[in-house]
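Source file: my_file_19.pdb (PDB, C-alpha atoms)
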ATOM      1  CA  MET A   1       8.929  -4.047  26.490
ATOM      2  CA  VAL A   2       9.262  -1.521  23.651
ATOM      3  CA  GLY A   3       6.479   0.972  23.069
ATOM      4  CA  VAL A   4       3.411   1.846  25.116
ATOM      5  CA  GLY A   5       0.365  -0.028  26.382
ATOM      6  CA  PRO A   6      -3.308   0.637  25.694
ATOM      7  CA  TRP A   7      -4.454   4.261  25.729
ATOM      8  CA  ALA A   8      -5.442   5.436  29.202
ATOM      9  CA  GLY A   9      -8.551   7.604  29.438
ATOM     10  CA  PRO A  10     -11.024   8.772  26.799
ATOM     11  CA  TRP A  11      -9.915   8.022  23.260
ATOM     12  CA  PRO A  12      -8.916  10.960  21.019
ATOM     13  CA  ALA A  13     -11.423  11.875  18.316
ATOM     14  CA  ASP A  14      -8.674  12.612  15.763
ATOM     15  CA  ASP A  15      -8.972  10.145  12.867
ATOM     16  CA  ARG A  16      -5.185   9.872  12.632
ATOM     17  CA  TYR A  17      -5.366   7.514  15.601
ATOM     18  CA  ASP A  18      -5.723   3.763  15.061
ATOM     19  CA  PRO A  19      -8.461   2.156  17.209
ATOM     20  CA  ASP A  20      -6.605  -1.153  17.365
ATOM     21  CA  LEU A  21      -3.438   0.534  18.652
ATOM     22  CA  LEU A  22      -5.420   2.573  21.142
ATOM     23  CA  ALA A  23      -6.999  -0.606  22.449
ATOM     24  CA  HIS A  24      -3.948  -2.870  22.542
ATOM     25  CA  GLY A  25      -0.915  -0.582  22.691
ATOM     26  CA  ASP A  26       1.698   0.571  20.207
ATOM     27  CA  ARG A  27       4.943  -1.434  20.050
ATOM     28  CA  ARG A  28       6.277   0.126  16.848
ATOM     29  CA  ASN A  29       9.645   1.840  16.459
ATOM     30  CA  VAL A  30       8.254   5.366  16.080
ATOM     31  CA  VAL A  31       8.848   8.641  17.896
ATOM     32  CA  ASP A  32       6.430   9.533  20.696
ATOM     33  CA  ALA A  33       4.611  12.106  18.545
ATOM     34  CA  TYR A  34       3.393   9.270  16.289
ATOM     35  CA  ARG A  35       2.284   6.886  19.043
ATOM     36  CA  TYR A  36      -1.078   5.285  18.254
ATOM     37  CA  TRP A  37      -1.248   6.924  14.803
ATOM     38  CA  ARG A  38      -2.352   4.963  11.769
ATOM     39  CA  HIS A  39       0.496   3.986   9.442
ATOM     40  CA  ALA A  40      -0.966   6.003   6.553
ATOM     41  CA  ALA A  41      -1.295   9.067   8.781
ATOM     42  CA  ILE A  42       2.371   8.870   9.774
ATOM     43  CA  VAL A  43       3.511   8.576   6.146
ATOM     44  CA  ALA A  44       1.281  11.497   5.131
ATOM     45  CA  ASP A  45       2.741  13.678   7.878
ATOM     46  CA  LEU A  46       6.288  12.726   6.880
ATOM     47  CA  ASP A  47       5.508  13.421   3.224
ATOM     48  CA  ALA A  48       4.410  16.938   4.129
ATOM     49  CA  ARG A  49       7.821  17.632   5.674
ATOM     50  CA  ARG A  50      10.325  15.647   3.603
ATOM     51  CA  HIS A  51      13.640  17.250   2.714
ATOM     52  CA  GLY A  52      14.882  18.017  -0.783
ATOM     53  CA  PHE A  53      17.596  15.387  -0.976
ATOM     54  CA  HIS A  54      17.317  11.841  -2.266
ATOM     55  CA  VAL A  55      19.737   8.970  -1.651
ATOM     56  CA  ALA A  56      20.773   6.383  -4.247
ATOM     57  CA  ILE A  57      22.904   3.316  -3.599
ATOM     58  CA  GLU A  58      24.229   0.821  -6.106
ATOM     59  CA  ASN A  59      23.274  -2.791  -5.387
ATOM     60  CA  TRP A  60      25.170  -5.011  -7.808
ATOM     61  CA  HIS A  61      26.256  -7.629  -5.245
ATOM     62  CA  HIS A  62      23.380  -7.588  -2.725
ATOM     63  CA  ASP A  63      24.938  -4.920  -0.494
ATOM     64  CA  LEU A  64      24.082  -5.526   3.165
ATOM     65  CA  ASN A  65      24.388  -1.789   3.921
ATOM     66  CA  ILE A  66      21.177  -0.807   2.156
ATOM     67  CA  GLY A  67      18.947  -1.475   5.154
ATOM     68  CA  SER A  68      21.074   0.821   7.295
ATOM     69  CA  VAL A  69      21.028   3.474   4.573
ATOM     70  CA  VAL A  70      17.221   3.322   4.468
ATOM     71  CA  ARG A  71      17.036   3.649   8.262
ATOM     72  CA  THR A  72      19.325   6.690   8.224
ATOM     73  CA  ALA A  73      17.440   8.235   5.305
ATOM     74  CA  ASN A  74      14.266   7.903   7.351
ATOM     75  CA  ALA A  75      15.943   9.553  10.356
ATOM     76  CA  PHE A  76      17.051  12.519   8.236
ATOM     77  CA  LEU A  77      13.711  12.596   6.329
ATOM     78  CA  ALA A  78      15.072  12.027   2.818
ATOM     79  CA  ALA A  79      12.586  12.400  -0.004
ATOM     80  CA  GLU A  80      13.320   8.912  -1.359
ATOM     81  CA  VAL A  81      15.889   6.142  -1.383
ATOM     82  CA  HIS A  82      16.802   4.762  -4.815
ATOM     83  CA  VAL A  83      18.198   1.245  -5.114
ATOM     84  CA  VAL A  84      20.152   0.815  -8.350
ATOM     85  CA  GLY A  85      20.803  -2.681  -9.702
ATOM     86  CA  ARG A  86      19.381  -5.686  -7.905
ATOM     87  CA  ARG A  87      15.864  -5.147  -6.657
ATOM     88  CA  ARG A  88      16.233  -7.388  -3.612
ATOM     89  CA  TRP A  89      18.021  -6.053  -0.549
ATOM     90  CA  ASN A  90      18.344  -7.118   3.083
ATOM     91  CA  LYS A  91      15.667  -5.221   5.012
ATOM     92  CA  ARG A  92      16.809  -6.315   8.463
ATOM     93  CA  GLY A  93      19.037  -3.260   8.928
ATOM     94  CA  ALA A  94      16.137  -0.947   8.072
ATOM     95  CA  MET A  95      14.409  -1.839  11.367
ATOM     96  CA  VAL A  96      11.005  -1.539   9.634
ATOM     97  CA  THR A  97      11.684   2.086   8.627
ATOM     98  CA  ASP A  98      11.153   1.052   4.990
ATOM     99  CA  ARG A  99       7.433   1.141   5.832
ATOM    100  CA  TYR A 100       7.731   4.912   6.286
ATOM    101  CA  GLN A 101      10.500   5.726   3.790
ATOM    102  CA  HIS A 102       9.782   5.792   0.052
ATOM    103  CA  VAL A 103      12.103   3.375  -1.781
ATOM    104  CA  ARG A 104      12.324   3.332  -5.576
ATOM    105  CA  HIS A 105      14.149   0.791  -7.773
ATOM    106  CA  HIS A 106      16.147   1.503 -10.957
ATOM    107  CA  VAL A 107      17.479  -1.320 -13.084
ATOM    108  CA  ASP A 108      20.778   0.471 -13.768
ATOM    109  CA  VAL A 109      22.607   3.789 -13.428
ATOM    110  CA  ALA A 110      21.277   5.028 -16.774
ATOM    111  CA  ALA A 111      17.713   4.581 -15.525
ATOM    112  CA  LEU A 112      18.517   6.528 -12.348
ATOM    113  CA  ALA A 113      20.105   9.293 -14.421
ATOM    114  CA  ARG A 114      17.044   9.540 -16.661
ATOM    115  CA  TRP A 115      14.751   9.745 -13.647
ATOM    116  CA  ALA A 116      16.907  12.419 -11.991
ATOM    117  CA  ALA A 117      17.105  14.478 -15.192
ATOM    118  CA  ALA A 118      13.318  14.393 -15.562
ATOM    119  CA  ALA A 119      12.960  15.469 -11.922
ATOM    120  CA  GLY A 120      15.533  18.259 -12.351
ATOM    121  CA  LEU A 121      17.816  16.799  -9.680
ATOM    122  CA  PRO A 122      21.620  16.739  -9.994
ATOM    123  CA  LEU A 123      23.419  13.529  -9.084
ATOM    124  CA  VAL A 124      26.101  14.132  -6.443
ATOM    125  CA  GLY A 125      28.477  11.203  -6.042
ATOM    126  CA  VAL A 126      30.061  10.385  -2.684
ATOM    127  CA  ASP A 127      33.353   8.529  -3.092
ATOM    128  CA  ASN A 128      36.983   8.691  -2.029
ATOM    129  CA  GLN A 129      38.687   8.675  -5.422
ATOM    130  CA  PRO A 130      41.395  11.221  -6.287
ATOM    131  CA  GLY A 131      40.057  14.541  -7.510
ATOM    132  CA  CYS A 132      36.853  14.536  -5.468
ATOM    133  CA  GLU A 133      35.723  17.774  -3.831
ATOM    134  CA  PRO A 134      36.047  17.627  -0.024
ATOM    135  CA  LEU A 135      32.587  17.285   1.470
ATOM    136  CA  GLU A 136      33.698  19.439   4.389
ATOM    137  CA  GLN A 137      34.220  22.373   2.002
ATOM    138  CA  ALA A 138      31.395  21.679  -0.442
ATOM    139  CA  ARG A 139      28.050  23.479  -0.496
ATOM    140  CA  MET A 140      25.460  20.757  -0.910
ATOM    141  CA  PRO A 141      22.602  21.552  -3.319
ATOM    142  CA  ARG A 142      19.259  21.947  -1.584
ATOM    143  CA  GLU A 143      17.690  19.501  -4.037
ATOM    144  CA  CYS A 144      19.848  16.627  -5.237
ATOM    145  CA  VAL A 145      20.448  12.879  -5.277
ATOM    146  CA  LEU A 146      23.380  11.695  -3.162
ATOM    147  CA  VAL A 147      24.812   8.625  -4.903
ATOM    148  CA  PHE A 148      26.761   5.893  -3.118
ATOM    149  CA  GLY A 149      28.548   2.861  -4.497
ATOM    150  CA  GLN A 150      28.920  -0.698  -3.316
ATOM    151  CA  GLU A 151      30.804  -1.510  -0.160
ATOM    152  CA  GLY A 152      34.451  -1.933  -1.212
ATOM    153  CA  PRO A 153      34.712  -0.722  -4.825
ATOM    154  CA  GLY A 154      32.718   2.452  -4.281
ATOM    155  CA  LEU A 155      30.945   4.161  -7.159
ATOM    156  CA  SER A 156      30.950   2.352 -10.476
ATOM    157  CA  ASP A 157      32.513   4.041 -13.487
ATOM    158  CA  GLU A 158      29.003   4.490 -14.908
ATOM    159  CA  ALA A 159      27.805   6.252 -11.777
ATOM    160  CA  ARG A 160      30.823   8.564 -11.611
ATOM    161  CA  ALA A 161      30.278   9.520 -15.249
ATOM    162  CA  GLU A 162      26.644  10.474 -14.585
ATOM    163  CA  CYS A 163      27.350  12.563 -11.470
ATOM    164  CA  SER A 164      27.626  16.307 -11.963
ATOM    165  CA  ARG A 165      30.115  16.419  -9.083
ATOM    166  CA  THR A 166      31.690  13.980  -6.641
ATOM    167  CA  VAL A 167      32.544  14.707  -3.030
ATOM    168  CA  SER A 168      34.760  12.819  -0.608
ATOM    169  CA  ILE A 169      34.660  12.483   3.175
ATOM    170  CA  ALA A 170      37.889  13.371   4.977
ATOM    171  CA  GLN A 171      39.567  10.368   6.623
ATOM    172  CA  PHE A 172      42.630  10.341   8.840
ATOM    173  CA  GLY A 173      43.222   6.703   9.784
ATOM    174  CA  SER A 174      44.649   3.628   8.077
ATOM    175  CA  THR A 175      41.499   2.220   6.433
ATOM    176  CA  ARG A 176      40.922   2.790   2.723
ATOM    177  CA  SER A 177      37.266   3.694   3.018
ATOM    178  CA  LEU A 178      34.313   4.168   5.310
ATOM    179  CA  ASN A 179      31.536   1.611   5.539
ATOM    180  CA  ALA A 180      28.973   2.584   2.886
ATOM    181  CA  ALA A 181      26.223   3.046   5.469
ATOM    182  CA  ALA A 182      28.486   5.250   7.593
ATOM    183  CA  ALA A 183      29.468   7.340   4.573
ATOM    184  CA  ALA A 184      25.802   7.808   3.701
ATOM    185  CA  ALA A 185      25.051   8.967   7.242
ATOM    186  CA  VAL A 186      27.889  11.503   7.157
ATOM    187  CA  ALA A 187      26.791  12.907   3.788
ATOM    188  CA  MET A 188      23.131  13.131   4.782
ATOM    189  CA  HIS A 189      24.077  14.940   7.968
ATOM    190  CA  ALA A 190      26.167  17.387   5.925
ATOM    191  CA  TRP A 191      23.029  18.160   3.910
ATOM    192  CA  VAL A 192      21.045  18.609   7.140
ATOM    193  CA  ARG A 193      23.650  21.010   8.534
ATOM    194  CA  ALA A 194      23.438  23.088   5.355
ATOM    195  CA  HIS A 195      19.705  23.148   4.706
ATOM    196  CA  ALA A 196      17.431  21.662   7.380
ATOM    197  CA  ASP A 197      15.232  23.833   9.570
ATOM    198  CA  LEU A 198      16.474  22.791  12.998
ATOM    199  CA  GLY A 199      13.625  24.634  14.697
ATOM    200  CA  THR A 200      11.042  22.049  13.641
TER     201      THR A 200
END

Represent the supplied structure as structure tokens.
Amino acid sequence: MVGVGPWAGPWPADDRYDPDLLAHGDRRNVVDAYRYWRHAAIVADLDARRHGFHVAIENWHHDLNIGSVVRTANAFLAAEVHVVGRRRWNKRGAMVTDRYQHVRHHVDVAALARWAAAAGLPLVGVDNQPGCEPLEQARMPRECVLVFGQEGPGLSDEARAECSRTVSIAQFGSTRSLNAAAAAAVAMHAWVRAHADLGT
């Protein structure tokens, strides 16, 4: 069985703890440090530590990768995930991490670009088109929005036009492109390697 059973011993006085979870156990998919915490307390603690990068993914054809992108964004503590296009997306791959990860919707690329400009965040495209800057050699901005396209076609023309720069992930095999969720994980980890405090 996943998780832990009822709290053993005197209950903690800290109001971050949920009495119902203390009494009946915590079966959620959370790290041990958050066991028995209230949902709102976990989100508040994450919000106090979130990183400076955001992730945006285009969703014109109901991309099944979005759930996995949200789960990875949660693991790397992204500020927000932005879904561009269709509002609905398959949450199964998120493994309930969407409860802890802020997800924002934009009706189209222009709306995302307006939001990013108002927030002072550059859009950094991740694609494998000719002329892209190799991610392995790029210095990722500390604050930015990493933008990913649909599985298959990659970034739309509109998205590429709005990005201040576009980076590509080195590939050495026969396939044309990485799975969109895998590409997002690689790019987020590149940001972590450049900017995250690994001592926390």

Subject >> Residues selected by the PyMOL selection byres ((chain A and resi 28) around 12), written as number ranges by chain >> reply: A: 1-5, 21, 25-27, 29-32, 34-39, 42, 95-97, 99-100

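If all atoms listed in the file are the atoms counted, then among A:Ile169, A:Ala117, A:Val126, A:Ala78 the closest residue to Val192 in chain A is A:Ala78.
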
Subject >> Exercise: residues within 9 Å of coordinate (21.9, 18.6, -9.9), counting only C-alpha atoms, as an MDAnalysis selection string >> reply: chainID A and resid 116:117 120:124 141 143:145 163:165

Subject >> Non-local contacts of range 57-72 of chain A (7 Å; all atoms listed in the file; under 4 positions in same chain excluded) as a ChimeraX atom specification >> reply: /A:76,81-86,89-95,97-98,147-151,180-181,184-185

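Residues matched by the PyMOL selection byres ((chain A and resi 102) around 6) in this structure: Glu80, Gln101 and Val103 of chain A.
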